[in-house]
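J.: Contents of work.txt (compact mmCIF, C-alpha atoms and all ligand atoms):
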```txt
# COMPACT_ATOMS: atom_id res chain seq x y z
CA MET A 19 61.37 -122.86 78.25
CA THR A 20 65.03 -123.67 78.94
CA VAL A 21 66.03 -121.83 75.81
CA LEU A 22 64.10 -118.77 76.99
CA ARG A 23 65.75 -118.93 80.41
CA VAL A 24 69.24 -119.16 78.84
CA LEU A 25 68.46 -116.22 76.55
CA ALA A 26 67.13 -114.15 79.47
CA ARG A 27 70.27 -114.91 81.52
CA LYS A 28 72.48 -113.97 78.59
CA TRP A 29 70.59 -110.72 78.11
CA ILE A 30 70.98 -109.81 81.79
CA TYR A 31 74.69 -110.62 81.54
CA VAL A 32 75.16 -108.43 78.45
CA ARG A 33 73.17 -105.62 80.05
CA LYS A 34 75.25 -105.81 83.24
CA ALA A 35 78.49 -105.80 81.26
CA ALA A 36 77.32 -102.69 79.38
CA LEU A 37 76.43 -100.96 82.65
CA VAL A 38 79.81 -101.80 84.18
CA LYS A 39 81.57 -100.53 81.05
CA GLU A 40 79.59 -97.28 81.11
CA ALA A 41 80.26 -96.83 84.85
CA LEU A 42 83.99 -97.39 84.28
CA LYS A 43 84.00 -94.89 81.42
CA ARG A 44 82.21 -92.28 83.49
CA SER A 45 84.51 -92.79 86.50
CA LEU A 46 87.52 -92.42 84.26
CA LEU A 47 86.14 -89.21 82.73
CA LEU A 48 85.36 -87.86 86.20
CA ALA A 49 88.87 -88.72 87.41
CA CYS A 50 90.29 -86.99 84.32
CA SER A 51 88.42 -83.80 85.08
CA LEU A 52 89.42 -83.86 88.77
CA ILE A 53 93.08 -84.71 88.16
CA PRO A 54 94.27 -82.62 85.17
CA PRO A 55 97.55 -84.52 84.51
CA LEU A 56 95.54 -87.74 84.22
CA GLY A 57 93.18 -86.00 81.76
CA ARG A 58 96.09 -84.81 79.65
CA LEU A 59 97.49 -88.34 79.54
CA VAL A 60 94.19 -90.01 78.65
CA TYR A 61 93.11 -87.42 76.05
CA ASN A 62 96.49 -87.67 74.31
CA LEU A 63 96.89 -91.45 74.54
CA GLU A 64 97.09 -93.14 71.15
CA ILE A 65 96.78 -96.80 70.34
CA SER A 66 97.45 -97.14 66.64
CA PRO A 67 98.59 -100.05 64.44
CA ASP A 68 102.15 -98.94 65.23
CA GLY A 69 101.74 -99.30 68.99
CA VAL A 70 100.98 -97.04 71.94
CA SER A 71 102.19 -93.46 72.20
CA VAL A 72 101.22 -90.24 73.93
CA GLY A 73 100.80 -86.92 72.12
CA THR A 74 102.60 -83.81 73.36
CA GLY A 75 99.55 -81.51 73.36
CA ASP A 76 101.03 -79.33 70.60
CA MET A 77 98.66 -79.57 67.61
CA ALA A 78 101.17 -79.11 64.77
CA ARG A 79 103.81 -81.34 66.34
CA ASP A 80 101.38 -84.14 67.22
CA TRP A 81 99.68 -84.19 63.81
CA ASP A 82 103.03 -84.07 62.01
CA ALA A 83 104.11 -87.14 64.01
CA ARG A 84 100.81 -88.90 63.26
CA ALA A 85 101.11 -88.13 59.55
CA ARG A 86 104.63 -89.60 59.52
CA ARG A 87 103.51 -92.70 61.42
CA ASN A 88 100.39 -93.52 59.42
CA ALA A 89 98.41 -90.60 57.96
CA ARG A 90 95.54 -92.66 56.59
CA TRP A 91 94.96 -94.47 59.90
CA TYR A 92 94.86 -91.28 61.97
CA ILE A 93 92.54 -89.64 59.45
CA TYR A 94 90.07 -92.47 58.99
CA TRP A 95 90.70 -95.62 60.96
CA ASP A 96 87.65 -97.41 59.53
CA ALA A 97 89.10 -97.50 56.00
CA TRP A 98 92.83 -96.90 55.83
CA LYS A 99 94.51 -100.07 54.58
CA THR A 100 94.41 -99.27 50.87
CA GLU A 101 94.23 -96.05 48.91
CA GLU A 102 91.07 -97.41 47.24
CA GLU A 103 89.08 -97.90 50.45
CA PHE A 104 90.33 -94.58 51.82
CA ASP A 105 89.16 -92.85 48.60
CA ALA A 106 85.79 -94.63 48.73
CA ALA A 107 85.25 -93.42 52.33
CA GLY A 108 86.04 -89.86 51.24
CA GLU A 109 83.58 -90.10 48.36
CA ALA A 110 80.85 -91.42 50.69
CA ASP A 111 81.47 -88.69 53.30
CA VAL A 112 81.31 -85.93 50.69
CA ARG A 113 78.04 -87.32 49.36
CA ASP A 114 76.40 -88.13 52.70
CA VAL A 115 77.88 -85.54 55.05
CA VAL A 116 79.68 -82.59 53.44
CA LEU A 117 77.14 -81.98 50.66
CA LYS A 118 74.06 -83.64 52.12
CA GLU A 119 71.02 -81.59 51.06
CA LEU A 120 73.19 -78.88 49.54
CA VAL A 121 73.09 -77.85 45.89
CA VAL A 122 76.39 -76.81 44.31
CA GLU A 123 76.17 -74.56 41.25
CA PRO A 124 78.93 -74.35 38.63
CA GLY A 125 81.67 -71.95 39.68
CA ALA A 126 81.37 -72.66 43.44
CA ARG A 127 84.43 -72.26 45.69
CA ALA A 128 84.85 -74.41 48.81
CA LEU A 129 87.31 -74.34 51.72
CA GLU A 130 88.08 -77.24 54.06
CA ILE A 131 89.50 -76.55 57.53
CA GLY A 132 91.75 -79.45 58.58
CA CYS A 133 92.04 -81.12 55.17
CA GLY A 134 94.64 -83.74 56.15
CA ILE A 135 95.94 -85.50 53.03
CA GLY A 136 92.89 -84.49 50.99
CA ARG A 137 90.51 -87.41 51.60
CA LEU A 138 87.52 -85.06 51.15
CA VAL A 139 89.24 -82.47 48.94
CA LYS A 140 89.68 -85.04 46.18
CA PRO A 141 85.96 -85.83 45.68
CA MET A 142 85.10 -82.15 46.29
CA SER A 143 87.35 -81.20 43.37
CA ARG A 144 84.99 -83.07 41.04
CA ARG A 145 82.00 -81.06 42.26
CA THR A 146 83.34 -77.51 42.64
CA ALA A 147 85.26 -75.02 40.50
CA GLU A 148 87.91 -74.60 43.22
CA VAL A 149 88.58 -76.37 46.48
CA HIS A 150 91.11 -75.12 49.02
CA GLY A 151 92.28 -76.97 52.10
CA VAL A 152 94.19 -75.76 55.15
CA ASP A 153 95.82 -77.85 57.84
CA ILE A 154 97.96 -77.19 60.91
CA SER A 155 100.31 -80.05 59.95
CA ALA A 156 102.93 -79.34 57.28
CA GLU A 157 103.50 -83.08 56.95
CA MET A 158 99.80 -83.74 56.19
CA VAL A 159 99.79 -80.93 53.62
CA GLN A 160 102.94 -82.24 51.94
CA GLN A 161 101.51 -85.77 51.66
CA GLY A 162 98.22 -84.28 50.43
CA LYS A 163 99.97 -82.31 47.71
CA GLU A 164 101.71 -85.47 46.51
CA ARG A 165 98.45 -87.45 46.55
CA LEU A 166 96.45 -84.84 44.68
CA GLU A 167 99.14 -83.81 42.23
CA GLY A 168 97.60 -83.05 38.85
CA LEU A 169 94.26 -81.79 40.21
CA THR A 170 94.39 -78.25 38.88
CA ASN A 171 91.50 -76.80 40.88
CA VAL A 172 92.94 -77.85 44.27
CA GLN A 173 95.16 -75.83 46.58
CA LEU A 174 96.42 -77.04 49.97
CA ARG A 175 98.15 -74.81 52.52
CA VAL A 176 99.60 -75.00 56.01
CA CYS A 177 97.76 -72.67 58.41
CA ASP A 178 98.41 -71.40 61.90
CA GLY A 179 94.93 -71.62 63.41
CA ALA A 180 93.29 -68.93 61.25
CA LEU A 181 92.36 -68.44 57.59
CA SER A 182 94.46 -65.33 57.01
CA ALA A 183 95.57 -66.46 53.53
CA TYR A 184 92.05 -65.85 52.20
CA PRO A 185 90.18 -62.62 51.45
CA ALA A 186 86.79 -61.77 52.95
CA GLY A 187 83.63 -62.89 51.11
CA HIS A 188 85.43 -65.40 48.87
CA PHE A 189 83.88 -68.84 49.47
CA ASP A 190 80.44 -70.34 48.92
CA LEU A 191 81.02 -73.21 51.35
CA CYS A 192 83.37 -73.73 54.29
CA TYR A 193 83.40 -77.18 55.91
CA SER A 194 85.30 -79.10 58.54
CA ILE A 195 84.78 -82.77 59.37
CA ALA A 196 86.70 -84.78 62.00
CA VAL A 197 88.83 -81.79 63.05
CA PHE A 198 87.18 -79.66 65.77
CA ARG A 199 86.64 -82.83 67.80
CA HIS A 200 90.43 -83.01 68.18
CA LEU A 201 91.06 -79.40 69.24
CA PRO A 202 92.32 -79.06 72.82
CA GLU A 203 90.81 -75.64 73.58
CA LYS A 204 87.51 -74.01 72.67
CA ARG A 205 89.16 -70.78 71.55
CA PHE A 206 90.70 -72.59 68.54
CA VAL A 207 87.25 -73.63 67.33
CA LEU A 208 85.88 -70.14 67.96
CA THR A 209 88.65 -68.55 65.88
CA TYR A 210 87.94 -70.87 62.94
CA LEU A 211 84.21 -70.14 63.07
CA ALA A 212 84.81 -66.38 63.22
CA GLU A 213 87.20 -66.75 60.30
CA ALA A 214 84.63 -68.80 58.37
CA ALA A 215 82.16 -65.93 58.88
CA ARG A 216 84.73 -63.58 57.35
CA VAL A 217 85.79 -65.64 54.30
CA LEU A 218 82.27 -66.75 53.31
CA LYS A 219 80.15 -64.79 50.86
CA ALA A 220 76.89 -63.38 52.23
CA ALA A 221 74.46 -66.34 52.49
CA GLY A 222 77.39 -68.77 52.20
CA ILE A 223 77.18 -72.05 54.10
CA VAL A 224 79.35 -73.34 56.94
CA ARG A 225 79.10 -77.02 57.87
CA PHE A 226 81.22 -78.56 60.62
CA GLU A 227 81.33 -81.34 63.14
CA VAL A 228 81.96 -81.08 66.88
CA TRP A 229 81.92 -83.48 69.77
CA ALA A 230 78.46 -83.45 71.32
CA THR A 231 78.39 -83.29 75.05
CA GLY A 232 76.77 -85.49 77.64
CA ARG A 233 76.85 -84.71 81.38
CA ALA A 234 79.84 -86.98 82.08
CA ASP A 235 82.05 -85.96 79.18
CA ARG A 236 81.77 -82.17 79.13
CA ARG A 237 85.25 -80.88 78.41
CA GLU A 238 86.60 -77.33 78.36
CA GLN A 239 90.06 -78.70 77.67
CA GLY A 240 91.29 -81.91 76.11
CA GLY A 241 94.22 -83.24 74.12
CA THR A 242 95.05 -83.13 70.43
CA LEU A 243 93.24 -86.42 69.84
CA VAL A 244 90.29 -86.16 72.23
CA GLY A 245 89.28 -82.50 72.19
CA VAL A 246 86.71 -80.18 73.69
CA THR A 247 82.91 -80.56 73.66
CA PHE A 248 80.13 -78.03 73.03
CA SER A 249 76.55 -78.09 74.16
CA GLU A 250 73.95 -77.26 71.53
CA VAL A 251 72.82 -74.15 73.42
CA GLU A 252 76.39 -72.88 73.60
CA MET A 253 77.09 -73.52 69.90
CA ARG A 254 73.82 -71.96 68.75
CA GLN A 255 74.59 -68.82 70.77
CA LEU A 256 78.07 -68.66 69.34
CA LEU A 257 76.92 -69.05 65.73
CA THR A 258 74.20 -66.44 66.17
CA ARG A 259 76.73 -64.01 67.67
CA LEU A 260 78.96 -64.52 64.63
CA GLY A 261 76.11 -63.63 62.27
CA PHE A 262 75.05 -67.13 61.19
CA GLU A 263 71.54 -68.53 60.99
CA VAL A 264 71.57 -72.12 62.24
CA LEU A 265 69.89 -74.34 59.64
CA GLU A 266 70.38 -77.77 61.11
CA VAL A 267 71.96 -79.63 64.02
CA GLU A 268 72.23 -83.29 63.16
CA PRO A 269 73.76 -86.08 65.28
CA ARG A 270 76.04 -88.45 63.36
CA PRO A 271 74.45 -91.89 63.55
CA GLY A 272 76.41 -94.19 65.86
CA LEU A 273 79.01 -91.52 66.67
CA PRO A 274 79.29 -89.06 69.56
CA TYR A 275 79.46 -86.07 67.20
CA VAL A 276 76.99 -83.59 65.72
CA ILE A 277 77.04 -81.72 62.43
CA TYR A 278 76.02 -78.05 62.38
CA THR A 279 74.91 -76.36 59.18
CA ALA A 280 74.56 -72.59 59.26
CA ARG A 281 74.17 -69.77 56.75
CA LYS A 282 75.96 -66.44 56.91
CA GLU A 283 73.48 -63.61 57.16
CA GLN A 284 72.80 -61.48 54.12
CA ARG A 285 72.52 -57.77 54.75
CA ALA A 286 70.62 -55.29 52.58
CA GLY A 287 72.94 -54.27 49.78
CA ASP A 288 74.92 -57.57 49.74
CA GLU A 289 74.99 -58.26 46.01
CA THR A 290 77.26 -61.31 45.71
CA ARG A 291 75.65 -64.43 44.29
CA VAL A 292 76.24 -67.47 46.43
CA LEU A 293 76.65 -70.77 44.58
CA VAL A 294 75.97 -73.34 47.31
CA HIS A 295 72.41 -73.57 48.62
CA TRP A 296 70.55 -75.34 51.39
CA THR A 297 67.69 -77.25 49.81
CA ARG A 298 65.25 -77.28 52.71
CA THR A 299 62.87 -74.49 53.62
CA ARG A 300 62.81 -73.09 57.16
CA ALA A 301 59.42 -74.79 57.76
CA GLU A 302 60.81 -78.20 56.70
CA SER A 303 63.85 -77.79 58.96
CA LEU A 304 61.69 -76.83 61.93
CA GLN A 305 59.37 -79.76 61.28
CA ARG A 306 62.31 -82.22 61.18
CA SER A 307 63.84 -80.86 64.36
CA THR A 308 60.59 -81.33 66.27
CA THR A 309 59.87 -84.89 65.05
C1 LIG A 401 91.15 -86.90 61.57
S1 LIG A 401 91.97 -85.84 60.44
C2 LIG A 401 90.64 -85.40 59.33
C3 LIG A 401 91.12 -84.91 57.98
C4 LIG A 401 90.00 -84.57 57.00
N1 LIG A 401 89.13 -83.56 57.49
C5 LIG A 401 89.22 -85.80 56.64
O1 LIG A 401 88.09 -85.98 57.13
O2 LIG A 401 89.72 -86.60 55.87
C6 LIG A 401 92.20 -84.35 61.40
C7 LIG A 401 93.01 -83.31 60.66
O3 LIG A 401 92.90 -82.08 61.34
C8 LIG A 401 94.16 -81.45 61.34
N2 LIG A 401 94.21 -80.50 62.45
C9 LIG A 401 94.35 -80.76 63.76
N3 LIG A 401 94.34 -79.61 64.47
C10 LIG A 401 94.17 -78.62 63.56
C11 LIG A 401 94.08 -77.21 63.67
N4 LIG A 401 94.16 -76.57 64.84
N5 LIG A 401 93.93 -76.50 62.53
C12 LIG A 401 93.85 -77.12 61.33
N6 LIG A 401 93.95 -78.44 61.17
C13 LIG A 401 94.08 -79.19 62.27
C14 LIG A 401 95.14 -82.60 61.47
O4 LIG A 401 96.44 -82.25 61.08
C15 LIG A 401 94.50 -83.65 60.57
O5 LIG A 401 94.95 -83.53 59.26
```
Render the structure in this file as structure tokens.
Ligand SMILES: C[S@@+](CC[C@H](N)C(=O)[O-])C[C@H]1O[C@@H](n2cnc3c(N)ncnc32)[C@H](O)[C@@H]1O

T.:
Amino acid sequence: MTVLRVLARKWIYVRKAALVKEALKRSLLLACSLIPPLGRLVYNLEISPDGVSVGTGDMARDWDARARRNARWYIYWDAWKTEEEFDAAGEADVRDVVLKELVVEPGARALEIGCGIGRLVKPMSRRTAEVHGVDISAEMVQQGKERLEGLTNVQLRVCDGALSAYPAGHFDLCYSIAVFRHLPEKRFVLTYLAEAARVLKAAGIVRFEVWATGRADRREQGGTLVGVTFSEVEMRQLLTRLGFEVLEVEPRPGLPYVIYTARKEQRAGDETRVLVHWTRTRAESLQRSTT
């Protein structure tokens, strides 16, 4: 009996602590939205293994500084200490996230938006004929080129917020993981999605991750570390307007982000053969989204 009472008390204590933590988080988020300078400070605040610092709000400058400080930590802070664990995390994310339920045929071309130092590009190079990566940070791209030297089907480039280096209808797959969640304004995400619609072949696949939104953390503006949020309705409308068919919207387990998978529409007369395919039928997707 005593044991049960102790356990019950402990449970109430843990529950209360969680409620207090959630209330504090929500109050802070509310304060951030009411007092913009506070928001800018909080969304740009960084506590890394090298200490505390505050980003400037300029995407290229902040990510260059992060790459110089500790690129692997800022890219993937769950597995950054050794090159081996960083590589293993990239391999797992390509298998379980980037290519989940997609079939890649020989000859496929892929493009990553926000490639960093090539954590995902490296395993993608073993599965595609060509993989290209763009990043806003010249420092990330430089380190990526050094890391992936010798991989002949890889090309990394610095970009300025668009995909202007690439021709229309060129790629089978365009993906972006752990990038849009850091963008400080929605228009940057919109430009990349419109650009993805341009550079993909007809029926090509776009897969990307954004911050999901709850009532307390809806953000139109953020910093270069904690970026904007999109509601599902908003993102579905946007993708449809850009000529994509939404195939799946999947929350990332244990994380506040969602992954969208969409297919560029194919018009009558579009002859190009796309080499990356979604494996589920429309009926299966609908069934999963309702269960
Ligand atoms: C957390 S890292 C993720 C890197 C890579 N996608 C991965 O999962 O390994 C975020 C990357 O996005 C890049 N980035 C930030 N803002 C960007 C923008 N507006 N355009 C392109 N890349 C951006 C950063 O420089 C950084 O390399």

J.: Return as a PyMOL selection string every polymer residue, whether protein, DNA or RNA, with at least one atom no more than 6 Å from an atom of ligand LIG 401 (chain A); count all atoms listed in the file.

T.: chain A and resi 77+81+92-93+131-134+137-138+153-155+158+179+194-197+201

J.: Excluding Tyr193 in chain A and residues on its chain fewer than 3 positions from it, collect all residues at most 10 Å away from it, counting all atoms listed in the file, and give them as an mmCIF file with C-alpha atoms, keeping the file's coordinate frame.

T.:
```
data_model
loop_
_atom_site.group_PDB
_atom_site.id
_atom_site.type_symbol
_atom_site.label_atom_id
_atom_site.label_comp_id
_atom_site.auth_asym_id
_atom_site.auth_seq_id
_atom_site.Cartn_x
_atom_site.Cartn_y
_atom_site.Cartn_z
ATOM 1 C CA VAL A 116 79.680 -82.590 53.440
ATOM 2 C CA LEU A 117 77.140 -81.980 50.660
ATOM 3 C CA ALA A 128 84.850 -74.410 48.810
ATOM 4 C CA LEU A 129 87.310 -74.340 51.720
ATOM 5 C CA GLU A 130 88.080 -77.240 54.060
ATOM 6 C CA ILE A 131 89.500 -76.550 57.530
ATOM 7 C CA GLY A 132 91.750 -79.450 58.580
ATOM 8 C CA CYS A 133 92.040 -81.120 55.170
ATOM 9 C CA GLY A 151 92.280 -76.970 52.100
ATOM 10 C CA ALA A 214 84.630 -68.800 58.370
ATOM 11 C CA ILE A 223 77.180 -72.050 54.100
ATOM 12 C CA VAL A 224 79.350 -73.340 56.940
ATOM 13 C CA ARG A 225 79.100 -77.020 57.870
ATOM 14 C CA PHE A 226 81.220 -78.560 60.620
ATOM 15 C CA GLU A 227 81.330 -81.340 63.140
ATOM 16 C CA TYR A 278 76.020 -78.050 62.380
ATOM 17 C CA THR A 279 74.910 -76.360 59.180
#
```

J.: Within 7 Å of Asn62 in chain A, counting all atoms listed in the file, which residues show up once you throw out same-chain ones fewer than 4 positions away? Write them as a list in words, please.

T.: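 Counting all atoms listed in the file, the residues come to Arg58, Val72, Gly73, Gly75, Gly241, Thr242, Leu243 and Val244 of chain A.
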
J.: So what do you get for CA of Pro202 in chain A versus CA of Leu256 in chain A, distance-wise?

T.: 18.0 Å

J.: So what do you get for CA of Val60 in chain A versus CA of Gly240 in chain A, distance-wise?

T.: 9.0 Å

J.: I'd like to know which of A:Pro271, A:Val276, A:Ala220, A:Phe206 is closest to Asp288 in chain A, using all atoms listed in the file.

T.: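 Comparing A:Pro271, A:Val276, A:Ala220, A:Phe206 against Asp288 in chain A, the winner is A:Ala220.
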
J.: Enclose all atoms of range 82-93 of chain A listed in the file in an axis-aligned box, grow every side by 8 Å, and hand back centre and edge lengths in Å to one decimal, as JSON.

T.:
```
{"center_x": 98.6, "center_y": -89.3, "center_z": 60.3, "size_x": 28.1, "size_y": 26.4, "size_z": 23.4}
```

J.: Rank A:Leu208, A:Ile277, A:Leu265, A:Val292 by their smallest atom-to-atom distance to Val115 in chain A, using all atoms listed in the file, and report the top residue only.

T.: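 Among the listed residues, the smallest separation from Val115 in chain A belongs to A:Ile277.
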
J.: Pick the closest to Lys118 in chain A from A:Ile65, A:Val246, A:Val217, A:Val294: which is it, counting all atoms listed in the file?

T.: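 With all atoms listed in the file as the atom set, the closest residue is A:Val294.
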
J.: What gap, in Å, lies between CA of Gly136 in chain A and CA of Ala78 in chain A?

T.: 17.0 Å

J.: Between A:Ala280, A:Cys192, A:Val122, A:Leu211, which is the closest to His150 in chain A once you count only C-alpha atoms?

T.: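 So, comparing all the options, the nearest one is A:Cys192.
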
J.: Considering all atoms listed in the file, state which residue in the set A:Ser51, A:Ser66, A:Gln173, A:Thr231 is at the smallest distance from Met142 in chain A.

T.: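 Of A:Ser51, A:Ser66, A:Gln173, A:Thr231, the one nearest Met142 in chain A, counting all atoms listed in the file, is A:Gln173.
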
J.: Let me make sure I understand: among A:Ala83, A:Arg291, A:Arg237, A:Met253, which one has the smallest atom-to-atom distance to Leu48 in chain A if we use only C-alpha atoms?

T.: A:Arg237

J.: Find the residues near Val228 in chain A: any atom within 6 Å, counting all atoms listed in the file, skip ones fewer than 3 places away on the same chain, and give them as a compact mmCIF listing (two decimals) with C-alpha atoms, keeping the file's coordinate frame.

T.:
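That gives us out28.txt:
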```txt
# COMPACT_ATOMS: atom_id res chain seq x y z
CA PHE A 198 87.18 -79.66 65.77
CA ARG A 199 86.64 -82.83 67.80
CA TYR A 275 79.46 -86.07 67.20
CA VAL A 276 76.99 -83.59 65.72
```

J.: Would you pick out the contacts of Glu283 in chain A at 9 Å or less, using all atoms listed in the file, so that residues sharing its chain but fewer than 4 positions from it are not included, and give the list as number ranges by chain?

T.: A: 220-222, 261-263

J.: Kindly export the residues of the current selection with C-alpha atoms, as a PDB file, keeping the file's coordinate frame.

T.:
```
ATOM      1  CA  ALA A 220      76.890 -63.380  52.230  1.00  0.00           C
ATOM      2  CA  ALA A 221      74.460 -66.340  52.490  1.00  0.00           C
ATOM      3  CA  GLY A 222      77.390 -68.770  52.200  1.00  0.00           C
ATOM      4  CA  GLY A 261      76.110 -63.630  62.270  1.00  0.00           C
ATOM      5  CA  PHE A 262      75.050 -67.130  61.190  1.00  0.00           C
ATOM      6  CA  GLU A 263      71.540 -68.530  60.990  1.00  0.00           C
TER       7      GLU A 263
END
```
